[in-house]
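Only one structure is covered here, and it is reproduced in the block below.
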There are 2 protein chains.
Amino acid sequence: MPDQDGTGTTSQHPDGVKRAGSPGSRLDRWVDAYAQRTRGMTASEIRALFAVASRPEVVSLAGGMPFLSALPLDVVGEALARLVAERGTVALQYGSGQGDPGLRSKIIDVMAPQQVDAHPDDVVVTTGSQQALDLVTRIFVDPGDVVLAEAPSYVGALGVFRAYQAEVVHVPMDDDGVIPEALEAALAQLAAQGRRVKLLYTVPNHHNPAGVTLSAPRRPRIVEIARRYGVLVLEDDPYGLLGFDGDPLPSLHSHDPESVIYLGSFSKTFAPGFRVGWAVAPHAVREKLVLASEAAILCPSAFSQLAVATYLEDHDWKHQVGVFRELYRERATATLDALADLLPTARWTTPRGGFYVWVTLPDSLDATAMLPRAVTERVAYVPGTAFYADGQGRQSLRLSYCYPTSDRIREGVRRLATVVEAEVELLATFGPESRPRPTGAAHPGMASPGPDLN
Amino acid sequence: MPDQDGTGTTSQHPDGVKRAGSPGSRLDRWVDAYAQRTRGMTASEIRALFAVASRPEVVSLAGGMPFLSALPLDVVGEALARLVAERGTVALQYGSGQGDPGLRSKIIDVMAPQQVDAHPDDVVVTTGSQQALDLVTRIFVDPGDVVLAEAPSYVGALGVFRAYQAEVVHVPMDDDGVIPEALEAALAQLAAQGRRVKLLYTVPNHHNPAGVTLSAPRRPRIVEIARRYGVLVLEDDPYGLLGFDGDPLPSLHSHDPESVIYLGSFSKTFAPGFRVGWAVAPHAVREKLVLASEAAILCPSAFSQLAVATYLEDHDWKHQVGVFRELYRERATATLDALADLLPTARWTTPRGGFYVWVTLPDSLDATAMLPRAVTERVAYVPGTAFYADGQGRQSLRLSYCYPTSDRIREGVRRLATVVEAEVELLATFGPESRPRPTGAAHPGMASPGPDLN
């Protein structure tokens with residue numbers, strides 16, 4: 001992985017004190033001063049492993065990093081040089097808290113295939129869609145409020161919900177996405193318990209990590225159920241344009257714009273390094289998002305916004321999205337073929353777009369416990385537990401096919417199959433006690449594994 | 001002002017509905033769903049005025065925007081083109097949550113004049129130092145906790161403290177900065193009341209908005225007092241390198257690195273459009289800041305960070321800071337001369353660096369009430385009330401000399417003097433009742449005036 005310090009907290013200090021993972025090694029004078037919300041704020045136990053996994057000899061099927069070598073980098077570079085030379089006093093200056101009006105206009109076009117019908121005034125530009133998740137949660141969630149999320153759900157969203165002391169309740173999915181009957185049952189049960197449910201968080205297209213897409217017939221039903229229970233839908237759609245077959249399905253937003261906040265991102269369709277995402281929200285909500293964003297960062301980067309706007313203006317960005325789509329389609333196929341050939345004892349989802357395959361291991365296997373062995377065998381994945389707030393997911397794992405070449409993917413799956421076979425054999429011989437249990441938090445999904453695993 | 005939509009929430013929708021300032025004009029279906037922390041989250045009443053103040057015929061002495069025309073824009077542009085062409089797959093990719101290690105190393109050099117002695121591992125890169133303010137408050141402040149801040153204090157910091165439901169208690173300053181005896185008295189009183197004080201927020205160098213610098217003898221005393229009461233010092237230093245006379249004074253951090261979080265920024269010494277700032281924090285605090293930042297934005301922009309690192313590497317940035325310094329010195333002199341010549345009935349501070357002069361009007365004048373008249377006379381400033389959490393500051397205002405030329409500054413002060421004279425005359429003739437009182441929040445300083453006013 002190109003990120004050389006992606007683990008954030010595991011670097012070695014010249015004084016020889018290893019800082020992460022050894023909380024007792026230094027006294028923290030401020031230990032009694034922290035806010036209550038920091039109590040659940042812990043580094044994930046898998047974090048240190050990913051420091052190892054970033055070595056070149058390891059096939060990483062863990063990170064969700066787009067394959068940027070497919071971009072026309074020199075063309076992008078020249079456009080940025082012109083931007084600074086010609087409009088530098090604007091591009092390098094403070095800007096609007098809501099975001100650049102020109103970029104907001106272009107974002108309307110970018111959302112057209114998903115049928116998100118909005119005005120530029122309805123858009124708030126954010127520092128990646130991660131910040132939009134943070135701001136939405138900030139303005140809606142009091143400690144103890146419930147947020148509904150798919151089972152499994154995006155690890156970065158779980159981190160935000162935890163940071164605001166929400167309780168996450170998972171709603172089951174199948175190959176057609178979140179199940180309406182399960183959503184209704186969850187809401188009815190929570191209502192009976194007197195719980196306050198604020199948000200339904202969902203990734204309807206090419207789900208991270210589940211690799212499934214919410215079917216067209218279910219979309220209006222999901223929105224209708226949420227509306228009936230007074231729950232705002234938070235529709236996170238970074239992968240909507242990366243479907244392998246035909247046009248995207250209409251967004252949840254298109255079914256009821258007053259009940260849905262739609263989040264978009266340029267991280268997967270252009271480049272994550274600019275950190276440009278956005279939210280489309282009902283008017284009153286949008287005003288609060290802008291005020292919250294100004295408190296958080298004053299304004300999003302004018303340079304990043306104008307860089308993206310220039311790219312959208314000067315470059316055939318739709319063609320480029322098509323290039324990415326074909327690239328990821330080929331790698332998805334390589335992943336599925338390799339799984340069928342080499343790991344037939346597992347089950348997996350069949351993505352029709354996006355970056356991810358969700359793999360369920362043979363019974364009794366534990367993907368979290370198996371990870372150290374896998375890294376030793378030079379293959380990395382994200383264990384399923386990272387995607388749950390409640391400790392579920394031990395039998396599952398996420399494979400990302402976005403970054404390695406098809407050959408490397410096949411080699412990675414081959415190594416994974418070797419580890420799984422050894423694990424199955426060990427279990428057959430010695431039983432579950434043969435396996436070391438991971439230590440650490442009871443709910444590892446709520447711990448932060450680092451930005452590589454977006 | 002180049003920011004055409006800086007007001008964020010005052011834009012006119014094609015449907016003709018003016019959105020800001022007319023909360024009753026649309027029903028908000030989600031009005032009962034917002035988190036408690038949004039209650040104080042309101043747009044400032046002065047916000048709409050600044051939309052008018054951005055017209056070219058108005059001399060704006062309001063915004064804190066650096067004068068970017070002094071940058072070598074074509075050189076910067078070419079460096080960025082090379083960066084993308086040569087290292088694009090890193091610069092456009094996700095990065096570390098803590099920030100790019102190369103940039104963090106260079107930041108150590110940038111802080112050397114202030115004698116901030118730190119290791120790159122101690123640095124967390126943030127989306128402007130505003131995000132550092134947000135993250136520090138997030139990890140330390142529970143609702144109801146007290147944050148001490150100078151009287152007056154930076155409007156953007158007050159916005160953050162409000163967003164986390166802190167109570168701000170102001171500590172008096174004089175021409176040598178915050179007064180140690182006043183700090184001690186405030187802490188003793190709060191301790192007697194059983195209040196929990198978490199942070200002392202201070203801008204020691206070229207204070208925004210007061211334009212004063214904390215004297216050398218007071219620095220160790222302030223740190224010692226805070227430490228004795230167990231209060232962490234949050235030292236915000238965007239202007240430290242922009243002193244007109246000689247080297248910066250040693251930072252508060254240099255007096256006790258374990259008791260101080262130091263915040264720096266490239267917004268005033270290079271360019272705010274990249275949104276790159278940083279925090280230097282004690283080890284355990286730094287780890288929590290990284291986790292909080294990952295939840296908020298995953299990672300800071302790799303592109304922005306490498307752009308700044310490239311600039312620091314390729315360009316004689318110290319010389320450029322010197323260019324800015326001389327420019328601002330000339331404008332500060334123009335401001336002070338104009339005040340002496342044209343507004344002798346007022347009092348003001350004498351900045352030795354930075355962007356701001358704090359002006360106190362003749363007795364009984366109200367800078368907030370006077371602002372509409374000033375904007376009509378084509379001059380804009382920020383009323384003093386914006387810089388207090390408790391409604392103080394009506395007799396004062398902030399003038400920023402960073403952006404307009406010296407001639408424009410003098411013209412602006414001339415217009416301001418006209419308004420003040422008319423106001424004095426009106427008061428002498430009709431008494432205070434002649435003046436319209438502004439409506440709105442009792443504590444306008446806690447409302448968000450928009451990112452222009454950083």
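Chain labels run A, B, ... following the order of the structure tokens; each chain numbers its residues from 1, and ligands are numbered from 1 in the order shown.
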
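Residues of region 260-358 of chain B that DSSP, applied to the backbone, places in strand (DSSP E): B:Val260, B:Ile261, B:Tyr262, B:Leu263, B:Gly264, B:Ser265, B:Val276, B:Gly277, B:Trp278, B:Ala279, B:Val280, B:Arg347, B:Trp348, B:Tyr356, B:Val357, B:Trp358.
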
Non-local contacts of Arg410 (chain B) (7 Å; only C-alpha atoms; under 5 positions in same chain excluded) as a PyMOL selection string: chain B and resi 334-335+338

Restricted to C-alpha atoms, what would the selected residues look like written as a compact mmCIF listing (two decimals), in the first residue's frame?
# COMPACT_ATOMS: atom_id res chain seq x y z
CA ALA B 334 -1.36 52.67 7.47
CA THR B 335 -4.18 51.59 9.77
CA ALA B 338 -5.27 56.63 9.69

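Of the residues under consideration (B:Pro272, B:Gly64, B:Gly144, B:Pro404), B:Pro404 shows the shortest atom-to-atom contact distance to Arg331 (chain B) when counting only C-alpha atoms.
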
Separation of CA of Thr376 (chain A) from CA of Glu425 (chain A), in Å and rounded to one decimal: 17.7 Å

Shell around Arg408 (chain B) at 12 Å using only C-alpha atoms, local window under 6 positions removed, as a list in words: Pro56, Glu57, Val58, Val59, Ser60, Leu61, Arg331, Ala334, Thr335, Ala338, Arg378, Val379, Ser400, Tyr401, Cys402, Arg414 and Arg415 of chain B

Between CA of Pro72 (chain A) and CA of Ala85 (chain A) - distance in Å to one decimal: 20.5 Å

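Considering only region 96-142 of chain B, backbone DSSP assigns alpha helix (DSSP H) to Pro101, Gly102, Leu103, Arg104, Ser105, Lys106, Ile107, Ile108, Asp109, Val110, Gly128, Ser129, Gln130, Gln131, Ala132, Leu133, Asp134, Leu135, Val136, Thr137, Arg138, Ile139 and Phe140 of chain B.
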
Serialized selection, N, CA, C and O atoms, as a PDB file, in the first residue's frame:
ATOM      1  N   PRO B 101       4.106  11.667   6.949  1.00  0.00           N
ATOM      2  CA  PRO B 101       5.321  11.762   7.773  1.00  0.00           C
ATOM      3  C   PRO B 101       6.306  12.815   7.272  1.00  0.00           C
ATOM      4  O   PRO B 101       6.973  13.479   8.081  1.00  0.00           O
ATOM      5  N   GLY B 102       6.410  12.978   5.958  1.00  0.00           N
ATOM      6  CA  GLY B 102       7.331  13.979   5.422  1.00  0.00           C
ATOM      7  C   GLY B 102       6.925  15.388   5.811  1.00  0.00           C
ATOM      8  O   GLY B 102       7.760  16.207   6.227  1.00  0.00           O
ATOM      9  N   LEU B 103       5.637  15.675   5.695  1.00  0.00           N
ATOM     10  CA  LEU B 103       5.171  17.004   6.098  1.00  0.00           C
ATOM     11  C   LEU B 103       5.362  17.207   7.595  1.00  0.00           C
ATOM     12  O   LEU B 103       5.776  18.287   8.037  1.00  0.00           O
ATOM     13  N   ARG B 104       5.078  16.161   8.366  1.00  0.00           N
ATOM     14  CA  ARG B 104       5.230  16.302   9.824  1.00  0.00           C
ATOM     15  C   ARG B 104       6.679  16.624  10.196  1.00  0.00           C
ATOM     16  O   ARG B 104       6.931  17.391  11.129  1.00  0.00           O
ATOM     17  N   SER B 105       7.638  16.062   9.461  1.00  0.00           N
ATOM     18  CA  SER B 105       9.044  16.407   9.712  1.00  0.00           C
ATOM     19  C   SER B 105       9.306  17.879   9.418  1.00  0.00           C
ATOM     20  O   SER B 105       9.991  18.563  10.188  1.00  0.00           O
ATOM     21  N   LYS B 106       8.777  18.353   8.312  1.00  0.00           N
ATOM     22  CA  LYS B 106       9.010  19.761   7.951  1.00  0.00           C
ATOM     23  C   LYS B 106       8.335  20.706   8.943  1.00  0.00           C
ATOM     24  O   LYS B 106       8.828  21.806   9.208  1.00  0.00           O
ATOM     25  N   ILE B 107       7.218  20.305   9.483  1.00  0.00           N
ATOM     26  CA  ILE B 107       6.519  21.147  10.454  1.00  0.00           C
ATOM     27  C   ILE B 107       7.397  21.404  11.682  1.00  0.00           C
ATOM     28  O   ILE B 107       7.344  22.477  12.284  1.00  0.00           O
ATOM     29  N   ILE B 108       8.215  20.413  12.023  1.00  0.00           N
ATOM     30  CA  ILE B 108       9.145  20.606  13.150  1.00  0.00           C
ATOM     31  C   ILE B 108      10.045  21.816  12.887  1.00  0.00           C
ATOM     32  O   ILE B 108      10.270  22.642  13.779  1.00  0.00           O
ATOM     33  N   ASP B 109      10.540  21.938  11.646  1.00  0.00           N
ATOM     34  CA  ASP B 109      11.391  23.093  11.303  1.00  0.00           C
ATOM     35  C   ASP B 109      10.606  24.400  11.369  1.00  0.00           C
ATOM     36  O   ASP B 109      11.132  25.422  11.806  1.00  0.00           O
ATOM     37  N   VAL B 110       9.365  24.346  10.893  1.00  0.00           N
ATOM     38  CA  VAL B 110       8.556  25.566  10.858  1.00  0.00           C
ATOM     39  C   VAL B 110       8.317  26.099  12.275  1.00  0.00           C
ATOM     40  O   VAL B 110       8.198  27.302  12.487  1.00  0.00           O
ATOM     41  N   GLY B 128      -6.903  22.457   8.394  1.00  0.00           N
ATOM     42  CA  GLY B 128      -6.796  23.772   9.021  1.00  0.00           C
ATOM     43  C   GLY B 128      -6.691  23.607  10.528  1.00  0.00           C
ATOM     44  O   GLY B 128      -7.051  22.555  11.073  1.00  0.00           O
ATOM     45  N   SER B 129      -6.191  24.629  11.221  1.00  0.00           N
ATOM     46  CA  SER B 129      -6.124  24.468  12.679  1.00  0.00           C
ATOM     47  C   SER B 129      -7.522  24.524  13.283  1.00  0.00           C
ATOM     48  O   SER B 129      -7.729  24.115  14.422  1.00  0.00           O
ATOM     49  N   GLN B 130      -8.519  24.981  12.507  1.00  0.00           N
ATOM     50  CA  GLN B 130      -9.895  24.914  12.995  1.00  0.00           C
ATOM     51  C   GLN B 130     -10.270  23.471  13.362  1.00  0.00           C
ATOM     52  O   GLN B 130     -10.893  23.232  14.387  1.00  0.00           O
ATOM     53  N   GLN B 131      -9.877  22.522  12.516  1.00  0.00           N
ATOM     54  CA  GLN B 131     -10.215  21.135  12.858  1.00  0.00           C
ATOM     55  C   GLN B 131      -9.475  20.671  14.103  1.00  0.00           C
ATOM     56  O   GLN B 131      -9.998  19.852  14.869  1.00  0.00           O
ATOM     57  N   ALA B 132      -8.272  21.177  14.311  1.00  0.00           N
ATOM     58  CA  ALA B 132      -7.554  20.837  15.541  1.00  0.00           C
ATOM     59  C   ALA B 132      -8.322  21.354  16.763  1.00  0.00           C
ATOM     60  O   ALA B 132      -8.456  20.642  17.771  1.00  0.00           O
ATOM     61  N   LEU B 133      -8.846  22.577  16.666  1.00  0.00           N
ATOM     62  CA  LEU B 133      -9.692  23.103  17.744  1.00  0.00           C
ATOM     63  C   LEU B 133     -10.881  22.182  17.989  1.00  0.00           C
ATOM     64  O   LEU B 133     -11.241  21.874  19.125  1.00  0.00           O
ATOM     65  N   ASP B 134     -11.492  21.738  16.889  1.00  0.00           N
ATOM     66  CA  ASP B 134     -12.654  20.861  17.007  1.00  0.00           C
ATOM     67  C   ASP B 134     -12.280  19.539  17.669  1.00  0.00           C
ATOM     68  O   ASP B 134     -12.970  19.067  18.575  1.00  0.00           O
ATOM     69  N   LEU B 135     -11.172  18.951  17.251  1.00  0.00           N
ATOM     70  CA  LEU B 135     -10.790  17.636  17.781  1.00  0.00           C
ATOM     71  C   LEU B 135     -10.383  17.717  19.245  1.00  0.00           C
ATOM     72  O   LEU B 135     -10.728  16.844  20.042  1.00  0.00           O
ATOM     73  N   VAL B 136      -9.640  18.756  19.612  1.00  0.00           N
ATOM     74  CA  VAL B 136      -9.240  18.905  21.017  1.00  0.00           C
ATOM     75  C   VAL B 136     -10.488  19.062  21.890  1.00  0.00           C
ATOM     76  O   VAL B 136     -10.608  18.425  22.955  1.00  0.00           O
ATOM     77  N   THR B 137     -11.421  19.891  21.436  1.00  0.00           N
ATOM     78  CA  THR B 137     -12.646  20.093  22.209  1.00  0.00           C
ATOM     79  C   THR B 137     -13.442  18.798  22.288  1.00  0.00           C
ATOM     80  O   THR B 137     -13.993  18.445  23.325  1.00  0.00           O
ATOM     81  N   ARG B 138     -13.476  18.072  21.175  1.00  0.00           N
ATOM     82  CA  ARG B 138     -14.206  16.806  21.124  1.00  0.00           C
ATOM     83  C   ARG B 138     -13.685  15.809  22.146  1.00  0.00           C
ATOM     84  O   ARG B 138     -14.462  15.111  22.787  1.00  0.00           O
ATOM     85  N   ILE B 139     -12.362  15.739  22.309  1.00  0.00           N
ATOM     86  CA  ILE B 139     -11.847  14.707  23.217  1.00  0.00           C
ATOM     87  C   ILE B 139     -11.804  15.171  24.672  1.00  0.00           C
ATOM     88  O   ILE B 139     -11.661  14.344  25.558  1.00  0.00           O
ATOM     89  N   PHE B 140     -11.957  16.475  24.921  1.00  0.00           N
ATOM     90  CA  PHE B 140     -11.870  16.932  26.314  1.00  0.00           C
ATOM     91  C   PHE B 140     -13.169  17.464  26.916  1.00  0.00           C
ATOM     92  O   PHE B 140     -13.324  17.428  28.142  1.00  0.00           O
TER      93      PHE B 140
END

Residues near Leu187 (chain B), cut-off 10 Å, only C-alpha atoms, skip fewer than 6 positions along chain, as a list in words: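 That gives Leu148, Val169, Val171, Glu181, Gln193, Arg195, Arg196, Val197, Ile225, Ala226, Arg228, Tyr229 and Val231 of chain B.
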
File of the preceding selection, all heavy atoms, as a JSON list (two decimals), in the first residue's frame:
[["chain", "number", "residue", "atom", "x", "y", "z"],
["B", 148, "LEU", "N", -11.81, 28.33, 29.48],
["B", 148, "LEU", "CA", -11.38, 29.71, 29.66],
["B", 148, "LEU", "C", -10.84, 30.25, 28.34],
["B", 148, "LEU", "O", -10.13, 29.54, 27.63],
["B", 148, "LEU", "CB", -10.29, 29.79, 30.72],
["B", 148, "LEU", "CG", -10.71, 29.41, 32.14],
["B", 148, "LEU", "CD1", -9.50, 29.40, 33.07],
["B", 148, "LEU", "CD2", -11.76, 30.38, 32.67],
["B", 169, "VAL", "N", -15.77, 31.02, 29.82],
["B", 169, "VAL", "CA", -15.55, 32.10, 30.79],
["B", 169, "VAL", "C", -14.37, 32.92, 30.29],
["B", 169, "VAL", "O", -13.29, 32.37, 30.03],
["B", 169, "VAL", "CB", -15.27, 31.54, 32.20],
["B", 169, "VAL", "CG1", -14.87, 32.66, 33.16],
["B", 169, "VAL", "CG2", -16.49, 30.79, 32.72],
["B", 171, "VAL", "N", -11.34, 35.66, 30.32],
["B", 171, "VAL", "CA", -10.32, 36.18, 31.24],
["B", 171, "VAL", "C", -9.79, 37.49, 30.66],
["B", 171, "VAL", "O", -9.41, 37.53, 29.48],
["B", 171, "VAL", "CB", -9.17, 35.17, 31.41],
["B", 171, "VAL", "CG1", -8.15, 35.69, 32.42],
["B", 171, "VAL", "CG2", -9.70, 33.81, 31.83],
["B", 181, "GLU", "N", -2.94, 37.40, 37.00],
["B", 181, "GLU", "CA", -3.73, 37.52, 38.23],
["B", 181, "GLU", "C", -5.22, 37.27, 37.95],
["B", 181, "GLU", "O", -5.93, 36.68, 38.76],
["B", 181, "GLU", "CB", -3.54, 38.91, 38.85],
["B", 181, "GLU", "CG", -2.13, 39.19, 39.37],
["B", 181, "GLU", "CD", -1.12, 39.47, 38.26],
["B", 181, "GLU", "OE1", -1.52, 39.70, 37.09],
["B", 181, "GLU", "OE2", 0.10, 39.40, 38.56],
["B", 193, "GLN", "N", -16.62, 27.22, 43.04],
["B", 193, "GLN", "CA", -17.98, 26.89, 42.59],
["B", 193, "GLN", "C", -18.12, 25.42, 42.21],
["B", 193, "GLN", "O", -19.20, 24.98, 41.78],
["B", 193, "GLN", "CB", -18.36, 27.76, 41.39],
["B", 193, "GLN", "CG", -18.51, 29.24, 41.70],
["B", 193, "GLN", "CD", -18.57, 30.10, 40.44],
["B", 193, "GLN", "OE1", -18.40, 29.58, 39.33],
["B", 193, "GLN", "NE2", -18.80, 31.39, 40.61],
["B", 195, "ARG", "N", -16.82, 24.05, 39.61],
["B", 195, "ARG", "CA", -16.91, 23.90, 38.16],
["B", 195, "ARG", "C", -15.71, 23.13, 37.63],
["B", 195, "ARG", "O", -14.61, 23.21, 38.18],
["B", 195, "ARG", "CB", -16.99, 25.27, 37.47],
["B", 195, "ARG", "CG", -18.18, 26.12, 37.87],
["B", 195, "ARG", "CD", -19.50, 25.42, 37.57],
["B", 195, "ARG", "NE", -19.62, 25.05, 36.17],
["B", 195, "ARG", "CZ", -20.12, 25.86, 35.23],
["B", 195, "ARG", "NH1", -20.54, 27.06, 35.56],
["B", 195, "ARG", "NH2", -20.22, 25.45, 33.98],
["B", 196, "ARG", "N", -15.94, 22.41, 36.57],
["B", 196, "ARG", "CA", -14.90, 21.61, 35.95],
["B", 196, "ARG", "C", -14.33, 22.40, 34.76],
["B", 196, "ARG", "O", -14.97, 22.56, 33.74],
["B", 196, "ARG", "CB", -15.53, 20.30, 35.47],
["B", 196, "ARG", "CG", -14.55, 19.22, 35.13],
["B", 196, "ARG", "CD", -15.23, 17.84, 35.24],
["B", 196, "ARG", "NE", -14.42, 16.80, 34.60],
["B", 196, "ARG", "CZ", -13.28, 16.33, 35.08],
["B", 196, "ARG", "NH1", -12.78, 16.81, 36.20],
["B", 196, "ARG", "NH2", -12.62, 15.39, 34.42],
["B", 197, "VAL", "N", -13.08, 22.89, 34.91],
["B", 197, "VAL", "CA", -12.43, 23.67, 33.86],
["B", 197, "VAL", "C", -11.51, 22.74, 33.07],
["B", 197, "VAL", "O", -10.62, 22.11, 33.64],
["B", 197, "VAL", "CB", -11.62, 24.84, 34.45],
["B", 197, "VAL", "CG1", -11.03, 25.69, 33.33],
["B", 197, "VAL", "CG2", -12.49, 25.69, 35.36],
["B", 225, "ILE", "N", 0.23, 28.59, 36.28],
["B", 225, "ILE", "CA", -1.08, 28.71, 36.92],
["B", 225, "ILE", "C", -2.04, 27.64, 36.38],
["B", 225, "ILE", "O", -2.72, 26.95, 37.14],
["B", 225, "ILE", "CB", -1.67, 30.12, 36.70],
["B", 225, "ILE", "CG1", -0.82, 31.17, 37.43],
["B", 225, "ILE", "CG2", -3.13, 30.19, 37.18],
["B", 225, "ILE", "CD1", -1.12, 32.62, 37.00],
["B", 226, "ALA", "N", -2.06, 27.50, 35.05],
["B", 226, "ALA", "CA", -2.95, 26.50, 34.45],
["B", 226, "ALA", "C", -2.60, 25.11, 34.96],
["B", 226, "ALA", "O", -3.47, 24.33, 35.33],
["B", 226, "ALA", "CB", -2.85, 26.57, 32.92],
["B", 228, "ARG", "N", -1.13, 24.29, 37.72],
["B", 228, "ARG", "CA", -1.47, 24.14, 39.14],
["B", 228, "ARG", "C", -2.95, 23.80, 39.32],
["B", 228, "ARG", "O", -3.32, 23.03, 40.20],
["B", 228, "ARG", "CB", -1.10, 25.43, 39.87],
["B", 228, "ARG", "CG", -1.28, 25.40, 41.37],
["B", 228, "ARG", "CD", -0.25, 26.27, 42.10],
["B", 228, "ARG", "NE", 0.08, 27.51, 41.42],
["B", 228, "ARG", "CZ", -0.67, 28.63, 41.45],
["B", 228, "ARG", "NH1", -1.80, 28.65, 42.14],
["B", 228, "ARG", "NH2", -0.28, 29.72, 40.82],
["B", 229, "TYR", "N", -3.79, 24.31, 38.44],
["B", 229, "TYR", "CA", -5.22, 24.02, 38.53],
["B", 229, "TYR", "C", -5.62, 22.82, 37.66],
["B", 229, "TYR", "O", -6.80, 22.54, 37.52],
["B", 229, "TYR", "CB", -6.03, 25.26, 38.13],
["B", 229, "TYR", "CG", -6.11, 26.30, 39.22],
["B", 229, "TYR", "CD1", -5.12, 27.27, 39.37],
["B", 229, "TYR", "CD2", -7.17, 26.29, 40.14],
["B", 229, "TYR", "CE1", -5.19, 28.22, 40.38],
["B", 229, "TYR", "CE2", -7.25, 27.23, 41.15],
["B", 229, "TYR", "CZ", -6.26, 28.20, 41.27],
["B", 229, "TYR", "OH", -6.34, 29.13, 42.28],
["B", 231, "VAL", "N", -5.40, 22.44, 34.42],
["B", 231, "VAL", "CA", -6.09, 22.84, 33.19],
["B", 231, "VAL", "C", -5.11, 22.80, 32.01],
["B", 231, "VAL", "O", -4.02, 23.38, 32.07],
["B", 231, "VAL", "CB", -6.68, 24.26, 33.35],
["B", 231, "VAL", "CG1", -7.26, 24.77, 32.03],
["B", 231, "VAL", "CG2", -7.73, 24.27, 34.45]]

Å distance separating CA of Ser364 (chain A) from CA of Arg394 (chain A), one decimal place: 9.0 Å

Nearby residues (only C-alpha atoms) at most 9 Å from region 287-293 of chain A, same-chain spacing under 4 positions excluded, as number ranges by chain: A: 97-99, 124-126, 131-132, 135-136, 138-139, 279, 281-283, 297-300; B: 8-9, 19-20, 38, 41-43, 160, 163, 448, 450

Shell around Pro248 (chain A) at 12 Å using only C-alpha atoms, local window under 2 positions removed, as a ChimeraX atom specification: /A:111-116,204-206,213-216,237,239-246,250-252,352-354

Contacts of Ser304 (chain A) within 9 Å, only C-alpha atoms, excl. fewer than 5 positions in-chain, as a PyMOL selection string: (chain A and resi 91+273-276+309) or (chain B and resi 273-274+301+303-304)

Nearest-residue call for Ala369 (chain B), choices B:Asp390, B:Glu258, B:Glu330, B:Glu423, using only C-alpha atoms: B:Glu423
